[in-house]
file target.cif (mmCIF, C-alpha atoms and all ligand atoms)
data_my_file
#
loop_
_atom_site.label_atom_id
_atom_site.label_comp_id
_atom_site.auth_asym_id
_atom_site.auth_seq_id
_atom_site.Cartn_x
_atom_site.Cartn_y
_atom_site.Cartn_z
CA MET A 51 -20.62 1.86 30.95
CA ARG A 52 -23.36 0.56 28.67
CA PRO A 53 -22.63 0.37 24.91
CA TYR A 54 -26.05 1.99 24.40
CA ASP A 55 -24.96 5.15 26.23
CA LEU A 56 -21.72 5.41 24.27
CA ILE A 57 -23.55 5.00 20.95
CA LEU A 58 -26.08 7.64 22.07
CA LYS A 59 -23.34 10.06 23.10
CA LYS A 60 -21.58 9.72 19.74
CA ARG A 61 -24.86 9.85 17.82
CA ASN A 62 -25.64 13.17 19.52
CA GLY A 63 -22.25 14.60 18.57
CA GLY A 64 -20.43 14.17 21.88
CA ALA A 65 -16.78 13.29 22.25
CA LEU A 66 -16.01 10.03 24.04
CA ALA A 67 -13.31 9.76 26.69
CA ALA A 68 -10.39 7.39 26.11
CA ASP A 69 -11.66 4.96 28.78
CA GLU A 70 -15.10 4.88 27.13
CA ILE A 71 -13.58 3.97 23.75
CA GLU A 72 -11.34 1.41 25.43
CA ALA A 73 -14.36 -0.22 27.15
CA LEU A 74 -16.31 -0.37 23.89
CA MET A 75 -13.43 -1.98 21.98
CA ARG A 76 -12.68 -4.40 24.81
CA GLY A 77 -16.34 -5.43 24.82
CA PHE A 78 -16.27 -5.89 21.05
CA THR A 79 -13.09 -7.99 21.26
CA ASP A 80 -14.37 -10.29 24.00
CA GLY A 81 -17.85 -10.63 22.51
CA ALA A 82 -19.81 -8.59 25.07
CA VAL A 83 -20.59 -5.91 22.46
CA PRO A 84 -22.47 -7.53 19.56
CA ASP A 85 -21.90 -6.63 15.90
CA TYR A 86 -25.19 -4.70 15.68
CA GLN A 87 -24.15 -2.29 18.41
CA MET A 88 -20.68 -1.85 16.91
CA ALA A 89 -22.30 -1.25 13.49
CA ALA A 90 -24.47 1.48 14.99
CA PHE A 91 -21.43 3.02 16.64
CA LEU A 92 -19.50 2.98 13.33
CA MET A 93 -22.38 4.76 11.60
CA ALA A 94 -22.47 7.37 14.37
CA VAL A 95 -18.71 7.92 13.87
CA TYR A 96 -19.25 8.14 10.13
CA PHE A 97 -21.67 11.06 10.57
CA ARG A 98 -20.23 12.75 13.66
CA GLY A 99 -16.52 12.15 13.13
CA MET A 100 -13.98 11.95 15.93
CA THR A 101 -11.64 14.45 17.57
CA PRO A 102 -7.90 13.77 17.19
CA GLU A 103 -7.89 12.58 20.83
CA GLU A 104 -10.75 10.14 20.19
CA THR A 105 -9.07 8.86 17.00
CA ALA A 106 -5.82 8.23 18.89
CA ALA A 107 -7.74 6.48 21.69
CA LEU A 108 -9.56 4.28 19.16
CA THR A 109 -6.24 3.42 17.51
CA MET A 110 -4.62 2.38 20.78
CA ALA A 111 -7.71 0.44 21.88
CA MET A 112 -7.47 -1.46 18.57
CA VAL A 113 -3.74 -2.10 19.14
CA ARG A 114 -4.59 -3.56 22.56
CA SER A 115 -7.10 -5.98 20.99
CA GLY A 116 -4.19 -8.29 20.16
CA ALA A 117 -0.46 -8.90 20.31
CA THR A 118 2.24 -6.41 19.33
CA LEU A 119 5.57 -7.13 17.69
CA ASP A 120 8.54 -6.59 19.97
CA LEU A 121 11.48 -5.67 17.76
CA GLY A 122 13.75 -5.48 20.82
CA PRO A 123 16.90 -3.35 20.64
CA LEU A 124 16.35 -2.90 16.87
CA ALA A 125 13.09 -1.02 17.35
CA ALA A 126 14.50 2.47 17.91
CA ARG A 127 16.25 2.48 14.50
CA THR A 128 13.52 0.86 12.40
CA VAL A 129 11.33 2.63 9.88
CA ASP A 130 8.11 1.26 8.41
CA LYS A 131 6.15 2.50 5.41
CA HIS A 132 2.56 2.25 4.33
CA SER A 133 0.82 3.10 1.10
CA SER A 134 -2.89 3.68 0.83
CA GLY A 135 -2.62 1.59 -2.34
CA GLY A 136 -3.12 1.87 -6.03
CA VAL A 137 -2.82 0.07 -9.34
CA GLY A 138 0.79 -0.74 -10.23
CA ASP A 139 2.04 0.40 -6.80
CA LYS A 140 5.14 -1.71 -6.27
CA THR A 141 6.99 0.86 -4.14
CA SER A 142 7.49 -1.57 -1.21
CA LEU A 143 9.39 -4.00 -3.45
CA VAL A 144 11.85 -1.20 -4.28
CA LEU A 145 11.89 0.82 -1.08
CA VAL A 146 12.39 -1.90 1.50
CA PRO A 147 15.76 -3.16 0.11
CA LEU A 148 16.76 0.33 -1.07
CA VAL A 149 16.40 1.89 2.38
CA ALA A 150 17.91 -1.17 4.10
CA ALA A 151 20.94 -0.87 1.76
CA SER A 152 21.46 2.60 3.29
CA GLY A 153 21.63 1.24 6.84
CA VAL A 154 18.08 1.79 8.12
CA PRO A 155 16.37 -1.51 9.09
CA VAL A 156 12.93 -2.01 7.54
CA PRO A 157 10.59 -4.64 9.05
CA LYS A 158 7.64 -4.69 6.65
CA LEU A 159 4.37 -6.50 7.16
CA SER A 160 2.25 -6.52 4.02
CA GLY A 161 -1.06 -7.75 2.70
CA ARG A 162 -2.58 -9.52 -0.28
CA GLY A 163 -4.48 -8.05 -3.18
CA LEU A 164 -8.24 -7.87 -3.24
CA GLY A 165 -10.37 -6.38 -6.00
CA HIS A 166 -8.60 -4.13 -8.49
CA THR A 167 -5.39 -3.53 -6.50
CA GLY A 168 -2.55 -6.01 -6.07
CA GLY A 169 -0.83 -7.01 -2.84
CA THR A 170 2.87 -7.03 -2.03
CA LEU A 171 2.78 -10.65 -0.77
CA ASP A 172 1.23 -11.94 -4.01
CA LYS A 173 3.85 -10.05 -6.01
CA LEU A 174 6.77 -11.47 -4.01
CA GLU A 175 5.38 -15.00 -4.14
CA SER A 176 5.73 -14.87 -7.93
CA ILE A 177 9.48 -15.32 -7.25
CA PRO A 178 10.00 -19.11 -7.23
CA GLY A 179 10.40 -20.37 -3.66
CA PHE A 180 9.78 -17.01 -1.91
CA ARG A 181 8.20 -17.49 1.56
CA THR A 182 6.06 -14.74 3.07
CA ALA A 183 4.80 -16.79 6.05
CA LEU A 184 7.64 -16.14 8.51
CA SER A 185 7.46 -16.82 12.23
CA GLU A 186 8.01 -13.81 14.49
CA ALA A 187 11.51 -15.07 15.36
CA GLU A 188 12.40 -15.63 11.68
CA PHE A 189 11.11 -12.17 10.76
CA ILE A 190 13.00 -10.31 13.49
CA GLY A 191 16.12 -12.44 13.00
CA GLN A 192 16.17 -11.61 9.29
CA VAL A 193 15.77 -7.87 9.92
CA GLU A 194 18.73 -8.07 12.31
CA ARG A 195 20.88 -10.04 9.84
CA VAL A 196 19.86 -8.68 6.43
CA GLY A 197 18.37 -5.31 7.39
CA CYS A 198 14.93 -6.02 5.95
CA ALA A 199 12.13 -8.57 5.60
CA ILE A 200 8.67 -8.53 4.03
CA ALA A 201 6.14 -10.94 5.50
CA GLY A 202 2.42 -11.45 5.99
CA GLN A 203 0.83 -9.91 9.04
CA SER A 204 0.03 -12.42 11.76
CA ALA A 205 -3.67 -12.66 12.62
CA LYS A 206 -2.61 -12.02 16.22
CA LEU A 207 -1.86 -8.34 15.47
CA VAL A 208 -4.91 -6.04 15.74
CA PRO A 209 -7.57 -8.76 15.41
CA ALA A 210 -10.21 -6.05 16.01
CA ASP A 211 -9.30 -4.42 12.69
CA ALA A 212 -10.29 -7.38 10.51
CA ARG A 213 -13.64 -7.66 12.34
CA LEU A 214 -14.29 -3.92 12.23
CA TYR A 215 -13.34 -3.76 8.54
CA ALA A 216 -15.75 -6.60 7.71
CA LEU A 217 -18.54 -4.69 9.50
CA ARG A 218 -17.63 -1.41 7.80
CA ASP A 219 -17.65 -3.14 4.45
CA VAL A 220 -21.31 -4.17 4.81
CA THR A 221 -22.58 -1.04 6.57
CA ALA A 222 -21.26 1.64 4.14
CA THR A 223 -18.84 3.01 6.73
CA VAL A 224 -15.48 2.27 5.08
CA ASP A 225 -14.82 5.81 3.88
CA SER A 226 -14.67 7.58 7.22
CA VAL A 227 -11.39 9.39 7.93
CA PRO A 228 -11.07 8.48 11.66
CA LEU A 229 -11.95 4.84 10.92
CA ILE A 230 -9.44 4.57 8.04
CA ALA A 231 -6.75 6.40 10.04
CA ALA A 232 -7.23 4.19 13.13
CA SER A 233 -7.29 1.04 10.98
CA ILE A 234 -4.01 1.84 9.21
CA MET A 235 -2.16 3.30 12.19
CA SER A 236 -3.19 0.54 14.64
CA LYS A 237 -1.49 -2.01 12.36
CA LYS A 238 1.64 0.13 11.95
CA ILE A 239 1.90 0.78 15.70
CA ALA A 240 1.40 -2.91 16.55
CA ALA A 241 4.15 -3.80 14.05
CA GLY A 242 6.64 -2.01 16.30
CA ALA A 243 8.74 0.38 14.18
CA ALA A 244 9.78 3.68 15.80
CA SER A 245 9.15 5.73 12.65
CA ILE A 246 6.49 5.54 9.97
CA VAL A 247 6.38 7.05 6.47
CA LEU A 248 2.94 7.09 4.87
CA ASP A 249 2.21 7.38 1.15
CA VAL A 250 -1.30 8.79 0.93
CA LYS A 251 -2.63 8.61 -2.62
CA CYS A 252 -5.15 10.94 -4.18
CA GLY A 253 -6.88 10.81 -7.53
CA ARG A 254 -9.19 8.68 -9.62
CA GLY A 255 -7.46 5.41 -8.69
CA ALA A 256 -7.34 6.10 -4.93
CA PHE A 257 -9.59 5.97 -1.84
CA MET A 258 -9.25 9.75 -1.51
CA LYS A 259 -10.27 11.37 -4.76
CA THR A 260 -9.04 14.91 -4.06
CA GLU A 261 -5.84 16.35 -2.67
CA GLU A 262 -7.84 18.02 0.10
CA GLU A 263 -9.35 14.70 1.24
CA ALA A 264 -5.91 13.06 1.15
CA ARG A 265 -4.50 15.89 3.26
CA VAL A 266 -7.21 15.42 5.90
CA LEU A 267 -6.48 11.67 6.12
CA ALA A 268 -2.72 12.30 6.18
CA ARG A 269 -3.11 14.84 8.99
CA ALA A 270 -5.26 12.42 11.04
CA MET A 271 -2.65 9.66 10.72
CA VAL A 272 0.36 11.89 11.43
CA ASP A 273 -1.42 13.23 14.53
CA ILE A 274 -2.07 9.68 15.78
CA GLY A 275 1.59 8.74 15.26
CA ARG A 276 2.82 11.83 17.07
CA SER A 277 0.42 11.40 19.98
CA VAL A 278 1.75 7.88 20.67
CA GLY A 279 5.44 8.72 20.25
CA ARG A 280 6.09 7.43 16.72
CA ARG A 281 7.84 9.81 14.31
CA THR A 282 5.38 9.95 11.41
CA VAL A 283 5.42 11.77 8.06
CA ALA A 284 2.94 11.52 5.18
CA VAL A 285 3.72 12.14 1.52
CA ILE A 286 0.68 12.91 -0.62
CA SER A 287 1.07 11.53 -4.13
CA GLY A 288 -1.11 11.50 -7.24
CA MET A 289 -2.82 8.29 -8.37
CA ASP A 290 -4.80 9.27 -11.45
CA HIS A 291 -3.23 6.51 -13.56
CA PRO A 292 -1.16 3.39 -12.81
CA LEU A 293 2.24 3.91 -11.15
CA GLY A 294 5.09 2.84 -13.42
CA ARG A 295 4.23 0.64 -16.39
CA ALA A 296 3.74 -2.89 -15.15
CA VAL A 297 0.56 -4.23 -13.53
CA GLY A 298 0.43 -7.90 -12.43
CA ASN A 299 2.49 -9.88 -9.95
CA ALA A 300 5.68 -11.08 -11.70
CA ARG A 301 5.48 -8.17 -14.14
CA GLU A 302 5.69 -5.76 -11.19
CA VAL A 303 8.58 -7.68 -9.61
CA GLN A 304 10.40 -7.37 -12.93
CA GLU A 305 9.79 -3.61 -12.96
CA ALA A 306 10.97 -3.35 -9.33
CA ILE A 307 14.20 -5.14 -10.32
CA ASP A 308 14.63 -2.70 -13.24
CA THR A 309 14.12 0.20 -10.82
CA LEU A 310 16.61 -1.22 -8.30
CA SER A 311 19.05 -1.48 -11.22
CA GLY A 312 18.58 2.25 -11.95
CA ARG A 313 16.52 1.57 -15.11
CA GLY A 314 13.02 2.05 -13.73
CA PRO A 315 10.21 4.31 -14.91
CA ALA A 316 10.75 7.93 -13.80
CA ASP A 317 7.51 8.22 -11.78
CA LEU A 318 8.18 5.08 -9.74
CA GLU A 319 11.80 6.02 -9.11
CA SER A 320 10.98 9.55 -8.01
CA LEU A 321 8.24 8.39 -5.63
CA CYS A 322 10.64 5.84 -4.10
CA LEU A 323 13.31 8.51 -3.68
CA ALA A 324 10.83 10.91 -2.04
CA LEU A 325 9.47 8.29 0.40
CA GLY A 326 12.90 6.75 0.98
CA GLY A 327 14.46 10.19 1.58
CA TRP A 328 12.01 10.67 4.45
CA MET A 329 12.64 7.13 5.73
CA LEU A 330 16.38 7.84 5.97
CA THR A 331 15.68 11.18 7.65
CA LEU A 332 13.38 9.67 10.30
CA GLY A 333 15.80 6.76 10.68
CA GLY A 334 18.61 9.19 11.53
CA LYS A 335 20.80 8.45 8.48
CA ALA A 336 20.17 11.66 6.52
CA ALA A 337 19.97 15.30 7.56
CA SER A 338 17.09 16.01 5.17
CA PRO A 339 14.85 14.12 2.73
CA GLU A 340 16.83 15.65 -0.17
CA ALA A 341 20.14 14.40 1.29
CA GLY A 342 18.46 11.02 1.86
CA ALA A 343 17.29 10.86 -1.76
CA GLU A 344 20.86 11.57 -2.91
CA MET A 345 22.16 8.66 -0.78
CA LEU A 346 19.52 6.40 -2.27
CA ARG A 347 20.43 7.44 -5.84
CA GLU A 348 23.96 6.35 -5.10
CA ARG A 349 22.69 2.95 -3.83
CA LEU A 350 20.80 2.48 -7.11
CA ARG A 351 23.88 3.43 -9.18
CA SER A 352 26.33 1.25 -7.23
CA GLY A 353 24.22 -1.92 -7.36
CA ALA A 354 23.94 -2.01 -3.54
CA ALA A 355 20.14 -1.75 -3.62
CA LEU A 356 19.76 -4.63 -6.09
CA ALA A 357 22.23 -6.73 -4.07
CA LYS A 358 20.15 -6.10 -0.91
CA PHE A 359 17.01 -7.20 -2.78
CA ALA A 360 18.77 -10.44 -3.83
CA GLU A 361 19.93 -10.99 -0.24
CA MET A 362 16.36 -10.56 1.06
CA VAL A 363 14.98 -12.92 -1.58
CA ALA A 364 17.58 -15.58 -0.73
CA ALA A 365 16.91 -15.18 3.02
CA GLN A 366 13.21 -15.87 2.39
CA GLY A 367 13.90 -19.00 0.32
CA GLY A 368 13.41 -17.40 -3.09
CA ASP A 369 15.43 -17.71 -6.30
CA ALA A 370 17.82 -14.76 -5.88
CA GLU A 371 19.07 -15.21 -9.45
CA VAL A 372 15.92 -13.35 -10.60
CA ALA A 373 17.71 -10.13 -9.59
CA ARG A 374 20.32 -10.78 -12.30
CA ASP A 375 18.01 -12.52 -14.75
CA PRO A 376 14.33 -11.46 -14.42
CA GLY A 377 13.57 -13.88 -17.30
CA ARG A 378 13.49 -16.54 -14.56
CA LEU A 379 10.23 -15.06 -13.26
CA PRO A 380 7.01 -16.75 -14.43
CA GLN A 381 6.15 -15.76 -18.02
CA ALA A 382 2.67 -15.93 -19.57
CA PRO A 383 2.32 -18.08 -22.72
CA VAL A 384 0.37 -15.44 -24.67
CA GLN A 385 1.69 -11.88 -25.11
CA VAL A 386 -0.23 -9.57 -27.41
CA PRO A 387 0.17 -5.88 -28.16
CA VAL A 388 -2.86 -3.59 -27.77
CA PRO A 389 -2.99 -1.23 -30.78
CA SER A 390 -4.04 2.39 -30.42
CA PRO A 391 -7.39 3.06 -32.11
CA ALA A 392 -6.28 6.58 -33.20
CA SER A 393 -3.32 8.93 -33.62
CA GLY A 394 -2.81 11.64 -31.01
CA VAL A 395 -1.64 12.02 -27.42
CA VAL A 396 -2.42 9.79 -24.45
CA VAL A 397 -4.59 12.07 -22.32
CA GLY A 398 -5.48 9.59 -19.57
CA ILE A 399 -5.31 5.96 -18.44
CA ASP A 400 -8.03 4.79 -16.06
CA GLY A 401 -6.06 2.89 -13.40
CA HIS A 402 -9.15 1.29 -11.92
CA ALA A 403 -10.12 -0.16 -15.31
CA VAL A 404 -6.58 -1.46 -15.94
CA GLY A 405 -6.57 -3.00 -12.44
CA LEU A 406 -9.88 -4.78 -13.13
CA ALA A 407 -8.62 -6.06 -16.51
CA VAL A 408 -5.51 -7.48 -14.81
CA MET A 409 -7.61 -9.03 -12.04
CA ARG A 410 -9.85 -10.72 -14.65
CA LEU A 411 -6.71 -12.08 -16.39
CA GLY A 412 -6.18 -13.96 -13.11
CA ALA A 413 -3.57 -11.78 -11.38
CA GLY A 414 -5.94 -10.68 -8.60
CA ARG A 415 -8.79 -11.95 -6.50
CA ALA A 416 -12.51 -11.32 -6.78
CA ARG A 417 -12.94 -13.31 -3.51
CA LYS A 418 -10.47 -13.75 -0.64
CA GLU A 419 -10.05 -17.50 -1.26
CA ASP A 420 -9.20 -17.18 -4.99
CA ALA A 421 -5.71 -18.22 -6.19
CA VAL A 422 -3.66 -15.76 -8.25
CA ASP A 423 -1.75 -16.33 -11.48
CA PRO A 424 1.77 -14.93 -11.01
CA ALA A 425 2.61 -14.50 -14.71
CA VAL A 426 -0.30 -12.56 -16.21
CA GLY A 427 -0.67 -8.79 -16.37
CA VAL A 428 -0.49 -5.69 -18.52
CA VAL A 429 2.60 -3.64 -19.33
CA LEU A 430 1.86 -0.10 -20.51
CA GLU A 431 4.04 0.88 -23.48
CA ARG A 432 2.65 4.43 -23.69
CA THR A 433 1.85 6.48 -20.62
CA VAL A 434 0.10 9.81 -20.13
CA GLY A 435 1.53 12.56 -22.37
CA ALA A 436 3.02 10.16 -24.98
CA ARG A 437 2.36 10.72 -28.72
CA VAL A 438 0.97 7.72 -30.60
CA GLN A 439 0.17 6.80 -34.17
CA ALA A 440 -2.91 4.70 -34.92
CA SER A 441 -2.03 1.00 -34.46
CA ASP A 442 1.09 1.73 -32.33
CA ALA A 443 1.09 -0.52 -29.26
CA LEU A 444 -0.45 1.20 -26.22
CA ALA A 445 0.29 -1.79 -24.01
CA VAL A 446 1.14 -5.49 -24.03
CA VAL A 447 -1.22 -8.01 -22.44
CA HIS A 448 0.36 -11.10 -20.82
CA ALA A 449 -2.31 -13.82 -20.64
CA ARG A 450 -2.90 -17.57 -20.17
CA SER A 451 -4.98 -17.91 -23.35
CA ALA A 452 -5.78 -16.05 -26.57
CA GLU A 453 -9.40 -15.54 -25.42
CA ALA A 454 -8.31 -14.03 -22.10
CA ALA A 455 -5.86 -11.77 -23.96
CA GLU A 456 -8.55 -10.56 -26.36
CA GLN A 457 -10.94 -9.70 -23.54
CA ALA A 458 -8.20 -7.85 -21.60
CA ALA A 459 -7.03 -5.99 -24.72
CA ALA A 460 -10.56 -4.62 -25.23
CA GLU A 461 -10.65 -3.46 -21.61
CA VAL A 462 -7.19 -1.85 -21.85
CA VAL A 463 -8.13 0.08 -25.02
CA ALA A 464 -11.25 1.34 -23.24
CA ALA A 465 -9.10 2.46 -20.28
CA TYR A 466 -7.01 4.74 -22.53
CA THR A 467 -8.13 8.19 -23.68
CA VAL A 468 -6.27 9.31 -26.80
CA GLY A 469 -6.93 12.96 -27.73
CA ASP A 470 -5.44 15.94 -29.53
CA THR A 471 -3.68 17.84 -26.78
CA ALA A 472 -1.46 16.69 -23.95
CA PRO A 473 -2.98 17.17 -20.49
CA PRO A 474 -1.28 19.67 -18.14
CA GLU A 475 1.56 17.96 -16.26
CA GLU A 476 0.58 17.27 -12.64
CA PRO A 477 3.39 16.81 -10.11
CA LEU A 478 3.48 13.29 -8.67
CA ILE A 479 4.19 14.56 -5.13
CA ARG A 480 1.36 16.88 -4.06
CA GLY A 481 2.48 17.69 -0.54
CA ILE A 482 4.08 16.59 2.73
CA VAL A 483 2.37 16.44 6.12
CA THR A 484 4.76 16.40 9.07
N1 LIG B 1 -6.59 0.38 4.47
C1 LIG B 1 -6.70 -0.12 5.71
O1 LIG B 1 -5.86 -0.86 6.19
N2 LIG B 1 -7.82 0.20 6.42
C2 LIG B 1 -8.79 1.00 5.93
O2 LIG B 1 -9.74 1.27 6.62
C3 LIG B 1 -8.64 1.51 4.62
C4 LIG B 1 -7.52 1.18 3.91
#

call {"tool": "encode", "arguments": {"input": "target.cif", "output": "structure tokens"}}
result
Amino acid sequence: MRPYDLILKKRNGGALAADEIEALMRGFTDGAVPDYQMAAFLMAVYFRGMTPEETAALTMAMVRSGATLDLGPLAARTVDKHSSGGVGDKTSLVLVPLVAASGVPVPKLSGRGLGHTGGTLDKLESIPGFRTALSEAEFIGQVERVGCAIAGQSAKLVPADARLYALRDVTATVDSVPLIAASIMSKKIAAGAASIVLDVKCGRGAFMKTEEEARVLARAMVDIGRSVGRRTVAVISGMDHPLGRAVGNAREVQEAIDTLSGRGPADLESLCLALGGWMLTLGGKAASPEAGAEMLRERLRSGAALAKFAEMVAAQGGDAEVARDPGRLPQAPVQVPVPSPASGVVVGIDGHAVGLAVMRLGAGRARKEDAVDPAVGVVLERTVGARVQASDALAVVHARSAEAAEQAAAEVVAAYTVGDTAPPEEPLIRGIVT
């Protein structure tokens, strides 16, 4: 089976058999298929697409490129979640302990931030002492004992994905539905949970700009999950502006703690209840997502969710007192309000622009090897639909220096659109794909 023939077949619009895809990926993993042939194949997939069967075969061939996590007897009850990412998206920080507090174990492998979006590991590491580099035994042991753990993904899981992603990044083939779906689902499948809940974002701040595109990606991923025996559901949610109010590592942890205490922003709480309701349903604890959401509301009210967060933080070496006193989180020395340039209504907030401003403050990375500043960020005081008077604070910038704050404030003002009439209210949850 020559790589040339497989590239030709895909280039001409043919569908590859599972063993052909397996041979190509095996060759890529062991070095027999060079990057230039894989790049050509990726471009052929970009233009020709893949059938659901091919996408599932690609996913499983990627899974077989490395090790898989064996969760043992726990596996059947575990539920994992994935978000396609967005500015201010701290749902994992809330959902993982919230769902675990309801009796469904959540083993969560997460990533770091790059570019304008943050990463769960960077956020958690803003808690003094918190360790995200857990060994496999530590990770599984903690899920058994505490009910949840959030750790960095070992490089041994799906090594083909990192190499494929690097090639896609430089060959303009990132935004291909089968390639995105196989990339995400291979990592979820290798991580071992029996059920998977996906949060697929759509809107200006997301990979998928329209609801239709998000639905196509969601369908591709749910089909992969089903074809390999994992219960999978996707929730499609809007990402036209930042989720919640806080953007920046410790600032987002603080907002997650507020949410776990039942005092979070309405959009973040309702997204967590929707995703968590499905997690409890797939995990066998709730008869329906609505019943699951009601259980989760009770966990927020009773303090059980916050207590589970503190237990997870302590288990990973962090200062669990932050749950009671978020003032213990790193604080930036300079905090300046960003005044509104006009009176009116907030019509829009460009999440991408806010994310870039926060990254430039030092909270994110322009390059993989950059260090992040845990304390800095932006907290939105007015969100979409709010009335403002000229000079009211739109947001507060948390910065290392006055100069950095001034630069970020200018970028935050530019990210806001203040107009005369409130925009039509868009529902946060746009659909469910089962
Ligand atoms: N996230 C992933 O993990 N992979 C992609 O291809 C796109 C988003």

call {"tool": "atom_distance", "arguments": {"input": "target.cif", "atom1": "atom CA of A:Ala89", "atom2": "atom CA of A:Arg218"}}
result
7.4 Å

call {"tool": "closest_residue", "arguments": {"input": "target.cif", "among": "A:Glu475, A:Glu104, A:Asp211, A:Asp120", "to": "ligand LIG 1 (chain B)", "atoms": "all atoms listed in the file"}}
result
A:Asp211

call {"tool": "atom_distance", "arguments": {"input": "target.cif", "atom1": "atom CA of A:Thr484", "atom2": "atom CA of A:Phe97"}}
result
27.0 Å

call {"tool": "atom_distance", "arguments": {"input": "target.cif", "atom1": "atom CA of A:Ala403", "atom2": "atom CA of A:Arg254"}}
result
10.6 Å

call {"tool": "closest_residue", "arguments": {"input": "target.cif", "among": "A:Glu456, A:Glu431, A:Asp308, A:Glu344", "to": "A:Ala324", "atoms": "only C-alpha atoms"}}
result
A:Glu344
